[in-house]
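See below for my_file-v5.txt, which holds compact mmCIF, C-alpha atoms and all ligand atoms.
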```
# COMPACT_ATOMS: atom_id res chain seq x y z
CA MET A 295 -13.17 -10.59 8.74
CA ASN A 296 -12.28 -7.68 6.44
CA ILE A 297 -12.75 -4.07 7.49
CA VAL A 298 -13.98 -2.03 4.54
CA ARG A 299 -14.65 1.54 3.61
CA TYR A 300 -17.37 1.58 0.99
CA ARG A 301 -20.24 3.37 -0.63
CA VAL A 302 -23.61 1.86 -1.39
CA ARG A 303 -24.25 2.56 -5.11
CA ASP A 304 -26.12 5.79 -5.74
CA SER A 305 -25.20 7.13 -2.32
CA ALA A 306 -22.42 9.66 -1.77
CA LYS A 307 -21.80 8.70 1.86
CA PRO A 308 -18.65 6.68 2.65
CA ARG A 309 -19.35 4.02 5.28
CA VAL A 310 -17.24 1.66 7.40
CA GLY A 311 -18.23 -1.98 7.76
CA LEU A 312 -17.37 -5.65 7.71
CA HIS A 313 -17.00 -7.57 4.48
CA ASP A 314 -17.46 -11.27 3.71
CA GLU A 315 -18.30 -13.31 0.57
CA ASP A 316 -21.99 -12.50 0.92
CA GLY A 317 -21.83 -8.76 1.31
CA VAL A 318 -21.00 -5.81 3.48
CA ALA A 319 -22.60 -4.82 6.79
CA GLU A 320 -22.15 -1.36 8.26
CA PHE A 321 -20.65 -0.87 11.73
CA ALA A 322 -23.32 0.92 13.73
CA GLY A 323 -22.03 4.23 15.06
CA VAL A 324 -18.61 4.16 13.32
CA ARG A 325 -18.22 7.18 11.07
CA SER A 326 -14.65 6.69 9.87
CA LEU A 327 -11.72 4.28 9.92
CA ALA A 328 -9.66 7.01 11.58
CA GLU A 329 -12.02 6.83 14.56
CA LEU A 330 -11.21 3.11 14.93
CA TRP A 331 -7.47 3.80 14.95
CA ALA A 332 -7.94 6.02 18.00
CA SER A 333 -8.66 2.93 20.18
CA PRO A 334 -5.95 0.69 21.61
CA LEU A 335 -5.76 -2.72 19.90
CA ALA A 336 -7.56 -4.63 22.69
CA GLY A 337 -10.51 -2.22 22.62
CA LEU A 338 -10.62 -2.33 18.83
CA ARG A 339 -10.86 -6.11 18.75
CA GLU A 340 -13.70 -6.05 21.26
CA ARG A 341 -15.48 -3.33 19.34
CA LEU A 342 -15.18 -5.10 15.99
CA THR A 343 -16.07 -8.57 17.15
CA GLY A 344 -18.90 -7.57 19.49
CA GLY A 345 -20.22 -4.42 17.80
CA ALA A 346 -23.66 -3.97 16.27
CA LEU A 347 -23.90 -4.39 12.50
CA GLY A 348 -26.48 -3.05 10.07
CA ASP A 349 -28.23 -5.09 7.37
CA ARG A 350 -25.96 -6.88 4.92
CA VAL A 351 -25.84 -5.28 1.45
CA PRO A 352 -24.83 -7.58 -1.47
CA LEU A 353 -21.36 -6.93 -2.93
CA ALA A 354 -22.88 -6.12 -6.32
CA GLU A 355 -24.48 -3.04 -4.76
CA VAL A 356 -21.37 -1.50 -3.19
CA ASP A 357 -18.18 0.20 -4.34
CA LEU A 358 -15.19 -0.45 -2.14
CA LEU A 359 -13.15 2.68 -1.36
CA ALA A 360 -9.49 3.07 -0.41
CA PRO A 361 -9.28 1.98 3.24
CA VAL A 362 -7.92 5.26 4.56
CA ASP A 363 -9.66 8.46 5.66
CA GLY A 364 -9.56 11.37 8.11
CA THR A 365 -6.01 12.65 8.52
CA THR A 366 -4.43 9.17 8.37
CA GLU A 367 -1.29 9.57 6.26
CA VAL A 368 0.31 6.88 4.11
CA TRP A 369 4.06 6.45 4.56
CA ALA A 370 6.39 3.92 2.97
CA ALA A 371 9.64 2.18 3.72
CA GLY A 372 12.27 1.70 1.03
CA VAL A 373 15.13 -0.69 0.30
CA THR A 374 13.82 -3.24 2.78
CA TYR A 375 14.38 -6.20 0.43
CA GLU A 376 17.62 -7.15 -1.36
CA THR A 377 15.85 -7.04 -4.75
CA SER A 378 14.91 -3.41 -4.17
CA ARG A 379 18.47 -2.51 -3.18
CA GLU A 380 19.81 -4.13 -6.39
CA ALA A 381 17.22 -2.40 -8.58
CA ARG A 382 18.04 1.06 -7.13
CA VAL A 383 21.79 0.49 -7.46
CA GLU A 384 21.29 -0.43 -11.11
CA GLU A 385 19.05 2.54 -11.95
CA SER A 386 21.14 5.23 -10.23
CA GLU A 387 24.75 4.62 -11.23
CA ARG A 388 26.08 7.86 -9.71
CA ALA A 389 24.36 7.53 -6.32
CA ALA A 390 24.29 3.76 -5.90
CA THR A 391 26.02 3.83 -2.51
CA VAL A 392 23.15 5.61 -0.74
CA TYR A 393 20.97 2.54 -1.34
CA GLU A 394 23.70 0.11 -0.28
CA LEU A 395 24.27 2.09 2.91
CA VAL A 396 20.61 2.41 3.87
CA TYR A 397 19.94 -1.31 3.38
CA ASP A 398 22.32 -2.13 6.24
CA ALA A 399 21.94 1.04 8.31
CA GLU A 400 20.18 0.89 11.66
CA ARG A 401 17.73 3.64 10.62
CA PRO A 402 15.47 2.53 7.76
CA GLU A 403 14.45 4.66 4.80
CA LEU A 404 10.94 6.01 5.44
CA PHE A 405 9.18 8.51 3.23
CA PHE A 406 5.84 10.26 3.10
CA LYS A 407 3.66 8.79 0.35
CA SER A 408 0.14 10.18 0.42
CA VAL A 409 -2.65 12.05 2.13
CA PRO A 410 -5.91 10.04 2.20
CA TRP A 411 -7.80 11.99 -0.47
CA ARG A 412 -5.14 11.19 -3.08
CA VAL A 413 -5.16 7.43 -2.45
CA VAL A 414 -6.63 5.28 -5.22
CA GLY A 415 -8.86 2.43 -4.08
CA PRO A 416 -9.81 -0.93 -5.63
CA ASP A 417 -10.52 -0.77 -9.39
CA GLY A 418 -9.51 2.91 -9.53
CA SER A 419 -7.04 4.50 -11.97
CA LEU A 420 -3.41 4.76 -10.98
CA GLY A 421 -1.25 7.38 -12.64
CA VAL A 422 2.06 7.62 -14.44
CA ARG A 423 3.60 11.08 -14.82
CA ALA A 424 3.83 12.58 -18.29
CA ASP A 425 7.44 13.62 -17.57
CA SER A 426 8.61 10.13 -16.62
CA VAL A 427 9.84 7.43 -18.98
CA VAL A 428 10.40 4.36 -16.77
CA ASP A 429 7.58 3.52 -14.37
CA VAL A 430 6.74 0.49 -12.28
CA PRO A 431 4.17 -0.61 -9.74
CA GLU A 432 5.57 -1.74 -6.39
CA PRO A 433 3.53 -4.45 -4.62
CA GLU A 434 3.88 -4.04 -0.86
CA LEU A 435 2.41 -5.29 2.38
CA ALA A 436 1.06 -2.22 4.22
CA LEU A 437 0.59 -1.98 7.97
CA VAL A 438 -2.32 -0.14 9.51
CA VAL A 439 -1.03 1.37 12.75
CA ASN A 440 -3.14 3.01 15.45
CA ARG A 441 -2.32 6.26 17.22
CA PHE A 442 -0.47 4.28 19.93
CA GLY A 443 1.91 2.69 17.42
CA GLU A 444 0.26 -0.75 17.54
CA ILE A 445 -0.17 -2.66 14.25
CA VAL A 446 -3.92 -3.27 13.98
CA GLY A 447 -4.23 -4.61 10.46
CA TYR A 448 -2.77 -5.26 7.02
CA THR A 449 -3.66 -4.11 3.55
CA VAL A 450 -2.11 -4.07 0.07
CA CYS A 451 -0.24 -1.01 -1.21
CA ASN A 452 0.90 -0.21 -4.72
CA ASP A 453 3.77 2.27 -4.31
CA MET A 454 3.81 3.47 -7.94
CA SER A 455 7.25 4.81 -8.80
CA SER A 456 9.14 6.59 -11.53
CA ARG A 457 12.45 4.77 -11.90
CA SER A 458 13.77 7.31 -14.40
CA ILE A 459 13.19 10.32 -12.12
CA GLU A 460 14.59 8.70 -8.96
CA GLY A 461 17.42 7.17 -11.01
CA GLU A 462 18.53 10.61 -12.15
CA ASN A 463 19.06 11.76 -8.55
CA PRO A 464 17.80 10.25 -5.26
CA LEU A 465 16.84 13.78 -4.13
CA TYR A 466 14.08 13.59 -6.72
CA LEU A 467 12.43 10.80 -4.67
CA PRO A 468 9.35 12.89 -3.72
CA GLN A 469 8.72 13.61 -7.41
CA ALA A 470 9.24 9.95 -8.30
CA LYS A 471 6.87 8.77 -5.58
CA ILE A 472 4.26 11.47 -4.89
CA TYR A 473 2.07 12.64 -7.75
CA PHE A 474 -1.52 12.26 -8.90
CA GLY A 475 -2.49 8.57 -8.83
CA ALA A 476 0.77 7.32 -7.30
CA CYS A 477 -0.67 5.40 -4.35
CA GLY A 478 -3.02 2.43 -4.58
CA LEU A 479 -4.45 0.87 -1.41
CA GLY A 480 -6.97 -1.85 -0.61
CA PRO A 481 -9.18 -3.68 -1.13
CA TRP A 482 -9.75 -3.76 2.64
CA ILE A 483 -7.99 -4.16 5.99
CA ARG A 484 -7.42 -7.60 7.46
CA PRO A 485 -7.22 -7.37 11.27
CA VAL A 486 -3.84 -8.20 12.77
CA TRP A 487 -5.22 -11.04 14.91
CA GLU A 488 -6.30 -12.94 11.78
CA ILE A 489 -2.83 -13.16 10.20
CA GLU A 490 -0.79 -15.81 11.93
CA ASP A 491 2.64 -14.94 10.53
CA PRO A 492 3.14 -11.70 8.58
CA TYR A 493 6.71 -12.83 7.78
CA ASP A 494 5.44 -15.74 5.69
CA LEU A 495 3.01 -14.26 3.17
CA THR A 496 3.23 -14.79 -0.58
CA ILE A 497 3.09 -11.58 -2.62
CA GLU A 498 2.17 -11.88 -6.30
CA MET A 499 1.90 -9.25 -9.01
CA THR A 500 0.59 -9.56 -12.56
CA ILE A 501 0.66 -6.74 -15.10
CA ARG A 502 -1.60 -7.24 -18.14
CA ARG A 503 -1.46 -5.33 -21.41
CA ASP A 504 -4.32 -5.66 -23.91
CA GLY A 505 -5.58 -8.58 -21.83
CA GLU A 506 -2.28 -10.53 -22.08
CA ARG A 507 0.20 -11.11 -19.26
CA GLU A 508 3.06 -8.62 -19.75
CA TRP A 509 4.96 -9.31 -16.51
CA SER A 510 4.37 -11.32 -13.38
CA GLY A 511 6.35 -12.13 -10.27
CA ARG A 512 6.00 -13.83 -6.94
CA THR A 513 7.86 -13.44 -3.67
CA SER A 514 7.38 -13.72 0.08
CA THR A 515 7.53 -11.41 3.07
CA ALA A 516 10.00 -13.98 4.46
CA ARG A 517 12.62 -12.01 2.47
CA LEU A 518 11.97 -8.77 4.36
CA HIS A 519 15.25 -7.48 5.80
CA ARG A 520 13.60 -5.52 8.66
CA ARG A 521 11.15 -6.27 11.47
CA LEU A 522 7.71 -4.69 11.12
CA ASP A 523 7.75 -3.23 14.64
CA GLU A 524 11.18 -1.72 13.95
CA LEU A 525 9.77 0.15 10.92
CA VAL A 526 6.78 1.36 12.96
CA SER A 527 8.97 2.47 15.84
CA TYR A 528 11.07 4.69 13.53
CA LEU A 529 7.88 6.11 12.00
CA MET A 530 6.49 7.05 15.42
CA ARG A 531 9.78 8.60 16.61
CA GLY A 532 9.58 12.36 16.88
CA ASP A 533 6.13 12.42 15.32
CA VAL A 534 2.45 11.97 16.18
CA HIS A 535 -0.28 10.28 14.14
CA PRO A 536 -3.54 11.07 15.96
CA ASP A 537 -5.64 9.25 13.30
CA GLY A 538 -3.16 6.37 13.05
CA VAL A 539 -0.99 5.85 9.98
CA VAL A 540 -0.57 3.38 7.11
CA LEU A 541 3.00 2.20 6.55
CA SER A 542 3.88 0.35 3.36
CA THR A 543 6.81 -1.97 3.97
CA GLY A 544 8.75 -1.87 0.68
CA THR A 545 8.89 -3.95 -2.47
CA CYS A 546 10.60 -7.20 -3.33
CA LEU A 547 9.32 -7.28 -6.93
CA VAL A 548 10.71 -4.81 -9.47
CA PRO A 549 10.02 -5.53 -13.16
CA PRO A 550 13.51 -5.18 -14.69
CA ALA A 551 14.35 -2.47 -17.27
CA PRO A 552 13.41 -1.84 -20.01
CA PHE A 553 9.95 -2.64 -18.63
CA THR A 554 7.75 0.39 -18.16
CA LEU A 555 4.02 0.72 -17.58
CA ALA A 556 1.83 1.64 -20.54
CA ASP A 557 -1.48 3.45 -20.65
CA GLY A 558 -4.31 0.97 -20.06
CA ASP A 559 -2.20 -1.70 -18.30
CA THR A 560 -3.90 -3.45 -15.40
CA VAL A 561 -2.00 -4.26 -12.23
CA GLU A 562 -3.13 -7.00 -9.88
CA ILE A 563 -1.38 -7.46 -6.53
CA GLY A 564 -2.31 -10.33 -4.25
CA ILE A 565 -1.01 -10.84 -0.73
CA GLU A 566 -1.81 -14.17 0.86
CA GLY A 567 -4.45 -13.86 3.55
CA VAL A 568 -4.78 -10.12 3.01
CA GLY A 569 -6.46 -9.54 -0.35
CA VAL A 570 -6.11 -8.70 -4.03
CA LEU A 571 -5.83 -5.11 -5.25
CA ARG A 572 -6.64 -4.45 -8.95
CA ASN A 573 -6.14 -1.15 -10.74
CA THR A 574 -5.80 0.30 -14.23
CA VAL A 575 -2.95 2.58 -15.25
CA VAL A 576 -3.38 5.96 -16.91
CA ARG A 577 -0.19 7.32 -18.46
CA ARG A 578 -0.75 11.07 -18.36
CA GLY A 579 -0.22 12.89 -21.61
CA THR A 580 -0.92 9.85 -23.80
CA ARG A 581 -4.63 10.54 -24.27
CA ASP A 582 -4.45 14.30 -24.98
O1 LIG B 1 14.66 4.37 -2.17
C1 LIG B 1 13.74 4.32 -2.87
C2 LIG B 1 12.43 3.77 -2.62
C3 LIG B 1 12.45 2.31 -2.53
C4 LIG B 1 11.11 1.71 -2.40
O2 LIG B 1 10.08 2.33 -2.56
C5 LIG B 1 11.02 0.29 -2.06
O3 LIG B 1 12.04 -0.35 -1.81
O4 LIG B 1 9.91 -0.23 -2.03
MG MG B 2 8.26 1.02 -2.55
```

Using structure tokens, write down the structure from this file.
Ligand code: DO4
Ligand code: MG
Amino acid sequence: MNIVRYRVRDSAKPRVGLHDEDGVAEFAGVRSLAELWASPLAGLRERLTGGALGDRVPLAEVDLLAPVDGTTEVWAAGVTYETSREARVEESERAATVYELVYDAERPELFFKSVPWRVVGPDGSLGVRADSVVDVPEPELALVVNRFGEIVGYTVCNDMSSRSIEGENPLYLPQAKIYFGACGLGPWIRPVWEIEDPYDLTIEMTIRRDGEREWSGRTSTARLHRRLDELVSYLMRGDVHPDGVVLSTGTCLVPPAPFTLADGDTVEIGIEGVGVLRNTVVRRGTRD
């Protein structure tokens, strides 16, 4: 079962429904995903498995949208895999120790990533800033968390990042991570009860340029250095998320320098059991 946010072609109205190989069926009476994240997990499961569904619409007639709406924010964790720690140390010679320290610190690195309207969904265009020279996609398992702090589902996040801007000074992190087209999410949400072991999922990323493979990598969530509930508990501390929150859990795949994304590249991120997110990259300033 995949929970989707979608639009039937030629209609402006975003809908929430269930997706399978044959099509998408709307959840009767559910106006937003945010509304679902206001129920405790037990109630949600009952509602989704026993709820009334509308007629199934074939996949060819729908556009899937980023699975986030309302006031549900997207946050991200950083330096949660050894590979990420090494990549940051390498790119930021003068401030390398902050990454080494946070990897082993009790408190994880968590940062705000996106409001829902800025999030790019399946097949949408991701952005690269015109004032950045080294840019990478970051393939990450993202947690969908309800207002009570319970993990209710999983999706795929692309935490697009400027390595050159963050490498210059870690205080530039918001500029390296938050800009137009910086957050990809989708293609849908897989409910938590359908993933047996979130610590044993293969993550794969392929970047294609002019139709040819430019870079690809494969890893596993088994290499995650933190527990998922630990990340969520820090995110909920001292804060409220009335419409729930999406928390991306950090990357274990960083294409090494001098790799940088080019205009027109396609990025495909697959997480076992969760889904495959495909997007195209627009490098701002290259088409003007
Ligand atoms: O500290 C910088 C951000 C790291 C990050 O986004 C990641 O590890 O995925
Ligand atoms: Mg990241």

Exercise. Counting all atoms listed in the file, which protein, DNA or RNA residues come within 12 Å of ligand MG 2 (chain B), given as a ChimeraX atom specification?
Worked result: /A:368-375,377-379,381-382,403-407,430-436,450-457,460,467-468,470-472,476-478,541-548

Export of the given selection (C-alpha atoms) as a short mmCIF file (atom, residue, chain, number, x, y, z; two decimals), in the frame of the given file:
```
data_model
loop_
_atom_site.label_atom_id
_atom_site.label_comp_id
_atom_site.auth_asym_id
_atom_site.auth_seq_id
_atom_site.Cartn_x
_atom_site.Cartn_y
_atom_site.Cartn_z
CA VAL A 368 0.31 6.88 4.11
CA TRP A 369 4.06 6.45 4.56
CA ALA A 370 6.39 3.92 2.97
CA ALA A 371 9.64 2.18 3.72
CA GLY A 372 12.27 1.70 1.03
CA VAL A 373 15.13 -0.69 0.30
CA THR A 374 13.82 -3.24 2.78
CA TYR A 375 14.38 -6.20 0.43
CA THR A 377 15.85 -7.04 -4.75
CA SER A 378 14.91 -3.41 -4.17
CA ARG A 379 18.47 -2.51 -3.18
CA ALA A 381 17.22 -2.40 -8.58
CA ARG A 382 18.04 1.06 -7.13
CA GLU A 403 14.45 4.66 4.80
CA LEU A 404 10.94 6.01 5.44
CA PHE A 405 9.18 8.51 3.23
CA PHE A 406 5.84 10.26 3.10
CA LYS A 407 3.66 8.79 0.35
CA VAL A 430 6.74 0.49 -12.28
CA PRO A 431 4.17 -0.61 -9.74
CA GLU A 432 5.57 -1.74 -6.39
CA PRO A 433 3.53 -4.45 -4.62
CA GLU A 434 3.88 -4.04 -0.86
CA LEU A 435 2.41 -5.29 2.38
CA ALA A 436 1.06 -2.22 4.22
CA VAL A 450 -2.11 -4.07 0.07
CA CYS A 451 -0.24 -1.01 -1.21
CA ASN A 452 0.90 -0.21 -4.72
CA ASP A 453 3.77 2.27 -4.31
CA MET A 454 3.81 3.47 -7.94
CA SER A 455 7.25 4.81 -8.80
CA SER A 456 9.14 6.59 -11.53
CA ARG A 457 12.45 4.77 -11.90
CA GLU A 460 14.59 8.70 -8.96
CA LEU A 467 12.43 10.80 -4.67
CA PRO A 468 9.35 12.89 -3.72
CA ALA A 470 9.24 9.95 -8.30
CA LYS A 471 6.87 8.77 -5.58
CA ILE A 472 4.26 11.47 -4.89
CA ALA A 476 0.77 7.32 -7.30
CA CYS A 477 -0.67 5.40 -4.35
CA GLY A 478 -3.02 2.43 -4.58
CA LEU A 541 3.00 2.20 6.55
CA SER A 542 3.88 0.35 3.36
CA THR A 543 6.81 -1.97 3.97
CA GLY A 544 8.75 -1.87 0.68
CA THR A 545 8.89 -3.95 -2.47
CA CYS A 546 10.60 -7.20 -3.33
CA LEU A 547 9.32 -7.28 -6.93
CA VAL A 548 10.71 -4.81 -9.47
#
```

Exercise. Which residue out of A:Leu479, A:Leu330, A:Leu465, A:Val422 has the minimum interatomic distance to ligand LIG 1 (chain B) when all atoms listed in the file are used?
Worked result: A:Leu465

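Ranking A:Pro416, A:Pro352, A:Pro550, A:Pro402 by their shortest atom-to-atom distance to ligand LIG 1 (chain B), with all atoms listed in the file included, puts A:Pro402 first.
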
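Atom CA of A:Asn296 is found 6.9 Å from atom CA of A:Asp314.
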
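Here atom CA of A:Glu524 and atom CA of A:Pro536 stand 19.6 Å from one another.
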
Exercise. Atom CA of A:Gly461 to atom C1 of ligand LIG 1 (chain B): how many Å, to one decimal?
Worked result: 9.4 Å
